[in-house]
Structure formats: C-alpha cells, structure tokens
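Shown next: query.txt, containing compact mmCIF, C-alpha atoms.
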```txt
# COMPACT_ATOMS: atom_id res chain seq x y z
CA MET A 1134 8.03 -7.04 18.06
CA ILE A 1135 7.52 -10.22 16.03
CA GLY A 1136 4.28 -11.29 17.66
CA ASN A 1137 4.97 -15.00 17.55
CA ARG A 1138 6.97 -16.85 20.16
CA HIS A 1139 8.37 -19.47 17.85
CA GLU A 1140 9.53 -17.00 15.26
CA ALA A 1141 10.89 -14.61 17.89
CA GLU A 1142 13.00 -17.39 19.42
CA ASP A 1143 14.18 -18.39 16.00
CA LEU A 1144 15.37 -14.83 15.38
CA ALA A 1145 16.91 -14.52 18.84
CA GLN A 1146 18.85 -17.71 18.19
CA GLU A 1147 20.03 -16.35 14.86
CA ALA A 1148 21.11 -13.13 16.60
CA PHE A 1149 23.28 -15.04 19.08
CA LEU A 1150 24.84 -17.07 16.29
CA ARG A 1151 25.63 -13.97 14.27
CA ALA A 1152 27.15 -12.30 17.30
CA TYR A 1153 29.33 -15.36 17.89
CA VAL A 1154 30.51 -15.60 14.31
CA ASN A 1155 31.10 -11.85 13.97
CA ILE A 1156 32.61 -11.21 17.37
CA HIS A 1157 35.69 -9.68 15.71
CA SER A 1158 33.55 -6.75 14.52
CA TYR A 1159 32.46 -5.88 18.06
CA ASP A 1160 34.02 -2.65 19.27
CA GLU A 1161 35.11 -3.25 22.87
CA LYS A 1162 34.81 0.44 23.71
CA ARG A 1163 31.04 0.16 23.39
CA LYS A 1164 28.47 -1.63 25.46
CA PHE A 1165 28.09 -5.27 24.47
CA SER A 1166 24.32 -5.38 24.95
CA THR A 1167 23.84 -2.44 22.57
CA TRP A 1168 25.72 -4.33 19.88
CA LEU A 1169 23.73 -7.51 20.50
CA TYR A 1170 20.44 -5.59 20.50
CA ARG A 1171 21.39 -3.98 17.22
CA ILE A 1172 21.97 -7.36 15.59
CA ALA A 1173 18.66 -8.68 16.93
CA THR A 1174 16.69 -5.56 16.01
CA ASN A 1175 18.07 -5.47 12.48
CA LEU A 1176 17.25 -9.15 11.98
CA SER A 1177 13.71 -8.53 13.23
CA ILE A 1178 13.19 -5.52 10.97
CA ASP A 1179 14.48 -7.51 7.97
CA ARG A 1180 12.13 -10.34 8.82
CA ILE A 1181 9.13 -8.01 9.08
CA ARG A 1182 9.96 -6.41 5.72
CA LYS A 1183 10.27 -9.72 3.93
CA LYS A 1184 7.37 -11.35 5.61
CA LYS A 1185 4.29 -12.17 3.63
CA PRO A 1186 1.83 -14.34 5.47
CA ASP A 1187 1.69 -17.59 3.54
CA VAL A 1188 -1.24 -19.13 5.34
CA TYR A 1189 -4.39 -17.38 6.35
CA LEU A 1190 -6.18 -19.22 9.08
CA ASP A 1191 -9.54 -17.93 7.98
CA ALA A 1192 -9.13 -18.84 4.31
CA GLU A 1193 -11.50 -21.55 3.21
CA ILE A 1194 -9.81 -24.88 2.59
CA LYS A 1195 -10.21 -25.95 -1.03
CA GLY A 1196 -12.81 -28.62 -1.66
CA THR A 1197 -14.51 -28.11 1.67
CA ASP A 1198 -17.70 -26.32 2.30
CA GLY A 1199 -16.82 -23.34 4.43
CA ILE A 1200 -14.29 -25.09 6.59
CA ASN A 1201 -11.26 -22.99 7.39
CA LEU A 1202 -8.03 -23.66 9.23
CA TYR A 1203 -9.39 -22.31 12.48
CA ALA A 1204 -11.54 -25.41 12.66
CA GLN A 1205 -8.41 -27.56 12.45
CA ILE A 1206 -6.73 -26.07 15.48
CA PRO A 1207 -7.24 -28.16 18.59
CA ASN A 1208 -8.65 -26.37 21.60
CA ASP A 1209 -6.25 -25.44 24.31
CA GLU A 1210 -6.87 -27.40 27.44
CA ALA A 1211 -8.96 -25.59 29.99
CA LEU A 1212 -7.21 -23.11 32.18
CA PRO A 1213 -8.43 -21.43 35.34
CA GLU A 1214 -10.64 -18.52 34.42
CA GLN A 1215 -8.29 -15.86 35.66
CA GLN A 1216 -5.43 -17.21 33.60
CA VAL A 1217 -7.58 -17.16 30.52
CA GLU A 1218 -8.49 -13.56 31.15
CA SER A 1219 -4.92 -12.48 31.59
CA LEU A 1220 -3.90 -14.48 28.54
CA GLU A 1221 -6.65 -12.85 26.50
CA MET A 1222 -5.52 -9.45 27.68
CA GLN A 1223 -1.95 -10.26 26.75
CA THR A 1224 -3.04 -11.41 23.30
CA LEU A 1225 -5.15 -8.33 22.76
CA ILE A 1226 -2.35 -5.97 23.76
CA GLN A 1227 0.10 -7.91 21.61
CA GLU A 1228 -2.25 -7.60 18.64
CA GLU A 1229 -2.54 -3.85 19.10
CA ILE A 1230 1.23 -3.51 19.25
CA MET A 1231 1.53 -5.68 16.13
CA SER A 1232 -0.85 -3.39 14.27
CA LEU A 1233 1.63 -0.52 14.56
CA PRO A 1234 4.08 0.13 11.71
CA PRO A 1235 7.45 -1.58 12.40
CA LYS A 1236 9.29 1.68 13.05
CA TYR A 1237 7.05 2.37 16.04
CA ARG A 1238 6.93 -1.25 17.10
CA SER A 1239 10.71 -1.45 17.46
CA VAL A 1240 10.96 1.60 19.74
CA ILE A 1241 7.93 0.52 21.79
CA ALA A 1242 9.45 -2.93 22.29
CA LEU A 1243 12.88 -1.59 23.24
CA ARG A 1244 11.47 1.08 25.53
CA PHE A 1245 8.63 -0.68 27.34
CA MET A 1246 9.49 -4.35 27.20
CA ASP A 1247 13.26 -4.21 27.42
CA GLU A 1248 13.09 -0.93 29.38
CA LEU A 1249 16.13 0.59 27.72
CA SER A 1250 17.09 4.26 27.93
CA LEU A 1251 16.37 6.67 25.07
CA LYS A 1252 20.11 6.99 24.52
CA GLU A 1253 20.65 3.25 24.25
CA ILE A 1254 17.72 2.88 21.83
CA SER A 1255 19.21 5.66 19.75
CA GLU A 1256 22.51 3.75 19.57
CA ILE A 1257 20.82 0.46 18.73
CA LEU A 1258 18.75 1.91 15.91
CA GLN A 1259 21.45 4.41 14.93
CA LEU A 1260 18.97 7.27 14.92
CA PRO A 1261 19.11 10.60 16.78
CA VAL A 1262 17.56 10.69 20.28
CA GLY A 1263 15.07 13.30 18.99
CA THR A 1264 13.75 10.81 16.42
CA ILE A 1265 13.43 8.11 19.09
CA LYS A 1266 11.44 10.50 21.30
CA THR A 1267 9.07 11.41 18.48
CA ARG A 1268 8.47 7.74 17.69
CA ILE A 1269 7.85 6.87 21.31
CA HIS A 1270 5.37 9.75 21.62
CA ARG A 1271 3.50 8.79 18.47
CA GLY A 1272 3.56 5.10 19.29
CA ARG A 1273 2.28 5.77 22.80
CA GLU A 1274 -0.52 8.01 21.46
CA ALA A 1275 -1.51 5.38 18.91
CA LEU A 1276 -1.66 2.68 21.58
CA ARG A 1277 -3.57 4.98 23.92
CA LYS A 1278 -6.32 5.27 21.31
CA LYS A 1279 -6.40 1.52 20.78
CA LEU A 1280 -6.29 0.50 24.44
CA ARG A 1281 -8.36 3.17 26.17
CA HIS A 1282 -11.58 1.17 26.05
CA ILE A 1283 -10.32 -2.11 27.39
CA MET B 1071 -1.94 26.24 28.02
CA ASN B 1072 -2.84 24.77 24.64
CA CYS B 1073 -4.27 21.33 25.47
CA ASN B 1074 -3.81 19.76 22.09
CA LYS B 1075 -0.20 20.63 21.59
CA GLU B 1076 1.71 21.92 24.52
CA ALA B 1077 0.09 19.97 27.35
CA ILE B 1078 0.28 16.66 25.49
CA GLN B 1079 3.89 17.29 24.54
CA LEU B 1080 4.69 17.90 28.21
CA MET B 1081 2.86 14.71 29.24
CA HIS B 1082 5.13 12.69 26.97
CA GLN B 1083 8.21 14.45 28.27
CA TYR B 1084 7.06 13.65 31.78
CA LEU B 1085 6.51 9.98 30.92
CA ASP B 1086 9.98 9.80 29.37
CA GLY B 1087 11.46 11.22 32.57
CA ASP B 1088 12.72 14.02 30.41
CA ILE B 1089 10.91 17.13 31.63
CA LYS B 1090 12.22 20.40 33.07
CA LYS B 1091 11.15 21.23 36.62
CA GLU B 1092 9.30 24.38 35.55
CA ASP B 1093 7.46 22.51 32.79
CA GLU B 1094 6.46 19.81 35.22
CA ASP B 1095 5.01 22.45 37.55
CA ARG B 1096 3.11 24.05 34.67
CA LEU B 1097 1.76 20.68 33.60
CA ARG B 1098 0.66 19.86 37.14
CA LEU B 1099 -1.16 23.18 37.47
CA HIS B 1100 -2.87 22.67 34.14
CA LEU B 1101 -3.97 19.13 34.99
CA GLN B 1102 -5.62 20.40 38.16
CA THR B 1103 -7.97 22.53 36.12
CA CYS B 1104 -8.46 20.64 32.84
CA SER B 1105 -10.44 17.41 32.97
CA ASP B 1106 -9.82 16.55 29.30
CA CYS B 1107 -6.09 16.63 29.83
CA GLN B 1108 -6.46 14.70 33.08
CA ARG B 1109 -8.23 11.94 31.18
CA HIS B 1110 -5.65 11.99 28.41
CA PHE B 1111 -2.82 11.77 30.92
CA HIS B 1112 -4.50 8.94 32.77
CA GLU B 1113 -5.00 7.01 29.52
CA LEU B 1114 -1.35 7.44 28.58
CA LYS B 1115 -0.15 6.19 31.95
CA ARG B 1116 -2.53 3.26 31.78
CA THR B 1117 -1.31 2.40 28.27
CA VAL B 1118 2.26 2.23 29.49
CA ALA B 1119 1.22 0.11 32.47
CA LEU B 1120 -0.71 -2.27 30.20
CA ILE B 1121 2.11 -2.80 27.75
CA THR B 1122 4.71 -3.27 30.45
CA SER B 1123 2.70 -5.59 32.68
CA HIS B 1124 1.13 -7.79 30.06
CA THR B 1125 4.11 -8.88 28.08
CA ASN B 1126 5.82 -12.14 28.68
CA LEU B 1127 9.33 -12.15 27.34
CA THR B 1128 10.79 -15.29 28.82
CA THR B 1129 12.32 -17.79 26.44
CA SER B 1130 11.46 -21.46 26.49
CA SER B 1131 13.56 -23.67 28.73
CA GLU B 1132 15.48 -25.24 25.85
CA PHE B 1133 16.46 -21.90 24.32
CA ALA B 1134 19.98 -21.57 25.74
CA ASN B 1135 20.81 -25.21 24.99
CA ASN B 1136 19.56 -24.82 21.43
CA VAL B 1137 21.78 -21.81 20.89
CA MET B 1138 24.82 -23.57 22.35
CA ALA B 1139 24.18 -26.63 20.21
CA GLN B 1140 24.07 -24.53 17.05
CA LEU B 1141 27.31 -22.64 17.59
CA PRO B 1142 29.86 -23.55 14.95
CA LYS B 1143 32.42 -26.02 16.27
CA GLU B 1144 35.84 -24.57 16.93
CA LYS B 1145 38.41 -25.65 14.40
CA LYS B 1146 40.69 -28.35 15.78
CA ARG B 1147 43.77 -26.41 14.84
CA MET B 1148 42.61 -23.48 16.97
CA SER B 1149 41.90 -25.50 20.05
CA ALA B 1150 45.21 -27.37 19.75
CA LYS B 1151 47.05 -24.05 19.95
CA ARG B 1152 45.82 -23.33 23.44
```

Encoding of this model in structure tokens:
Amino acid sequence: MIGNRHEAEDLAQEAFLRAYVNIHSYDEKRKFSTWLYRIATNLSIDRIRKKKPDVYLDAEIKGTDGINLYAQIPNDEALPEQQVESLEMQTLIQEEIMSLPPKYRSVIALRFMDELSLKEISEILQLPVGTIKTRIHRGREALRKKLRHI
Amino acid sequence: MNCNKEAIQLMHQYLDGDIKKEDEDRLRLHLQTCSDCQRHFHELKRTVALITSHTNLTTSSEFANNVMAQLPKEKKRMSAKR
C-alpha cells in the first residue's frame, strides 16, 4: 500500500507503538487484529495524503550537465537471471498497484495481500460491505487493464 | 446475457466467493458461448494470481526487536505494584 519497504516498516512500527500506548481504547468484544489493522490502515492513509515526494530521482542535479540522481545509485550486485525476472515482475506489479488511487489501494492490499474477508475489511475501514465490494471490483478491473499485457 | 454489465458483475461476485448458485450456473453457460467474456474472466483471474503471488510482505529480521526497543518503558511505580 505504501510501495516502499523502509517506509512501510516505519509505519508498521508506529502502528504497534500506538496500539501499545492506546491499549485501553481496545474493545475486547471485537477482534484484536481488526483493531490493529485499523490503526495501521489509518496511519498509511494519512501518510499517503500528506506525502509529497521531496526528491525526484530523475531531476537534474544543479550545476551538473544532465546528471540526475539515478546515476548516483549504485548497481545492485548481480543476481541469478530468474531472480531478476521475478524481482522485475514484483516491481512492475507493485508500481501498477501504486498507481491506483489510495481508496482502491487499501482494499486491494487488505483483500489480496492480507487475504482478509470482505466483512473484516468493512470493519477495518468502517465502510459498508457494499462499498468494499464496489471498490474491489473497480480496483480489480483497473489492474486487469494494466496487467493484461505482461 | 449483457456482457458489459451483467456478466462482468457476476464474474466479480464469483471471484469474491459471493455468488448465488443459479447465477454461477448462468455465468458458466454464458462463458461457454462468449469468447470475449472468457478472455475477460481469464484476465481477471490472472490479475488476482499476479497480485497475490508477486508480493513479498515479510518484514526485515530486526523488525520485531526494533518495535520492542521502542516501546515506552513501564513506570517504576507500576511495576513495583505487581
């Protein structure tokens, strides 16, 4: 949902800390994971809303002649060909998911990566099940169009 | 069956595991005769397979330790009570 391992872990860590500090507000009659997911999802959505990319890798560095930040990134060490392919595929799919608006991204992540039920997603996002279904359908159609040729 | 609306709606219901038996039968019959819908259905199933199989959600090995290290320390007074 965040598209960046470092940032995602940062947010996950923050979610655990918030859960720990606010444990008194957890309602024991409800499922704990739903509560924890809600904290994490809300933090992620907040982060996406606030986020403005501060560095563009392809922006030219001042005072250089056409050199951008891509040129500054060291090459990854060589990996077996198959691993590279699967990594490329993973990156490509991740990019397509990241190109969706956040409201679709959150349901796609909860449904297909965390494999939660429609009902649980509805409780996490505090939206009716019907709304979750519509978003899953639209998100899945959007991704179908993006991924059909790969 | 209207391919653009009804059939596609039923495909999504099927993929959500949320389809009535009679609708599933109607969808199956329709797919046997409509190649456009067959392709659409195949693409949807493949999309789901791609996004489920190509995501790596494991955390780094230090993650749990980092979280534990950041938890606020219990107040001494509280722990003395136990």

Using all atoms listed in the file, tabulate the residues of chain A lying at most 6 Å from any atom of chain B, each with its closest atom pair and that distance in Å to one decimal, by chain and increasing residue number, as a Markdown table.
```
| residue | atom | partner | partner_atom | distance |
| --- | --- | --- | --- | --- |
| A:Gln1146 | CA | B:Val1137 | CA | 5.7 |
| A:Gln1223 | CA | B:His1124 | CA | 5.2 |
| A:Phe1245 | CA | B:Thr1122 | CA | 5.6 |
| A:Met1246 | CA | B:Thr1122 | CA | 5.9 |
| A:Arg1277 | CA | B:Thr1117 | CA | 5.5 |
```

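For the pair CA of Gly1272 (chain A) and CA of Ile1241 (chain A), the separation is 6.8 Å.
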
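Between CA of Leu1260 (chain A) and CA of Met1134 (chain A) the interatomic distance comes to 18.3 Å.
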
Find the residues around region 1174-1177 of chain A up to 8 Å (only C-alpha atoms counted), leave out those fewer than 5 positions away in its own chain, and share them as a PDB file with C-alpha atoms, in the frame of the given file.
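Saved file out_12.pdb follows:
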```pdb
ATOM      1  CA  MET A1134       8.030  -7.040  18.060  1.00  0.00           C
ATOM      2  CA  ILE A1135       7.520 -10.220  16.030  1.00  0.00           C
ATOM      3  CA  LEU A1144      15.370 -14.830  15.380  1.00  0.00           C
ATOM      4  CA  ALA A1148      21.110 -13.130  16.600  1.00  0.00           C
ATOM      5  CA  SER A1239      10.710  -1.450  17.460  1.00  0.00           C
ATOM      6  CA  ILE A1257      20.820   0.460  18.730  1.00  0.00           C
ATOM      7  CA  LEU A1258      18.750   1.910  15.910  1.00  0.00           C
TER       8      LEU A1258
END
```

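For the pair CA of Lys1236 (chain A) and CA of Arg1268 (chain A), the interatomic distance is 7.7 Å.
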
For Glu1094 (chain B): contacts at 10 Å, only C-alpha atoms, fewer than 3 positions along chain excluded, given as an mmCIF file with C-alpha atoms, keeping the file's coordinate frame:
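For reference, around_11.cif as written:
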```cif
data_model
loop_
_atom_site.group_PDB
_atom_site.id
_atom_site.type_symbol
_atom_site.label_atom_id
_atom_site.label_comp_id
_atom_site.auth_asym_id
_atom_site.auth_seq_id
_atom_site.Cartn_x
_atom_site.Cartn_y
_atom_site.Cartn_z
ATOM 1 C CA LEU B 1080 4.690 17.900 28.210
ATOM 2 C CA MET B 1081 2.860 14.710 29.240
ATOM 3 C CA GLN B 1083 8.210 14.450 28.270
ATOM 4 C CA TYR B 1084 7.060 13.650 31.780
ATOM 5 C CA ASP B 1088 12.720 14.020 30.410
ATOM 6 C CA ILE B 1089 10.910 17.130 31.630
ATOM 7 C CA LYS B 1090 12.220 20.400 33.070
ATOM 8 C CA LYS B 1091 11.150 21.230 36.620
ATOM 9 C CA LEU B 1097 1.760 20.680 33.600
ATOM 10 C CA ARG B 1098 0.660 19.860 37.140
ATOM 11 C CA LEU B 1099 -1.160 23.180 37.470
ATOM 12 C CA HIS B 1100 -2.870 22.670 34.140
#
```

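For the residues A:Lys1279, A:Lys1184, A:His1157, A:Lys1266, ranking by smallest atom-to-atom distance to Ile1230 (chain A) using only C-alpha atoms places A:Lys1279 first.
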
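Among A:Leu1233, A:Asn1137, A:His1282, A:Val1240, the residue with the shortest atom-to-atom distance to Thr1264 (chain A), counting all atoms listed in the file, is A:Val1240.
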
- List as a ChimeraX atom specification: which residues have an atom within 6 Å of (15.1, 6.5, 19.9), counting only C-alpha atoms? /A:1251,1254-1255,1262,1264-1266

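Using only C-alpha atoms, the smallest distance between any of A:Ala1275, A:Ala1173, A:Gln1259, A:His1270 and Glu1142 (chain A) comes from A:Ala1173.
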
- Query: Quick one: of A:Asp1179, A:Ala1152, A:Gly1136, A:Asp1247, who's nearest to Leu1225 (chain A), counting only C-alpha atoms?
  - Reply: A:Gly1136
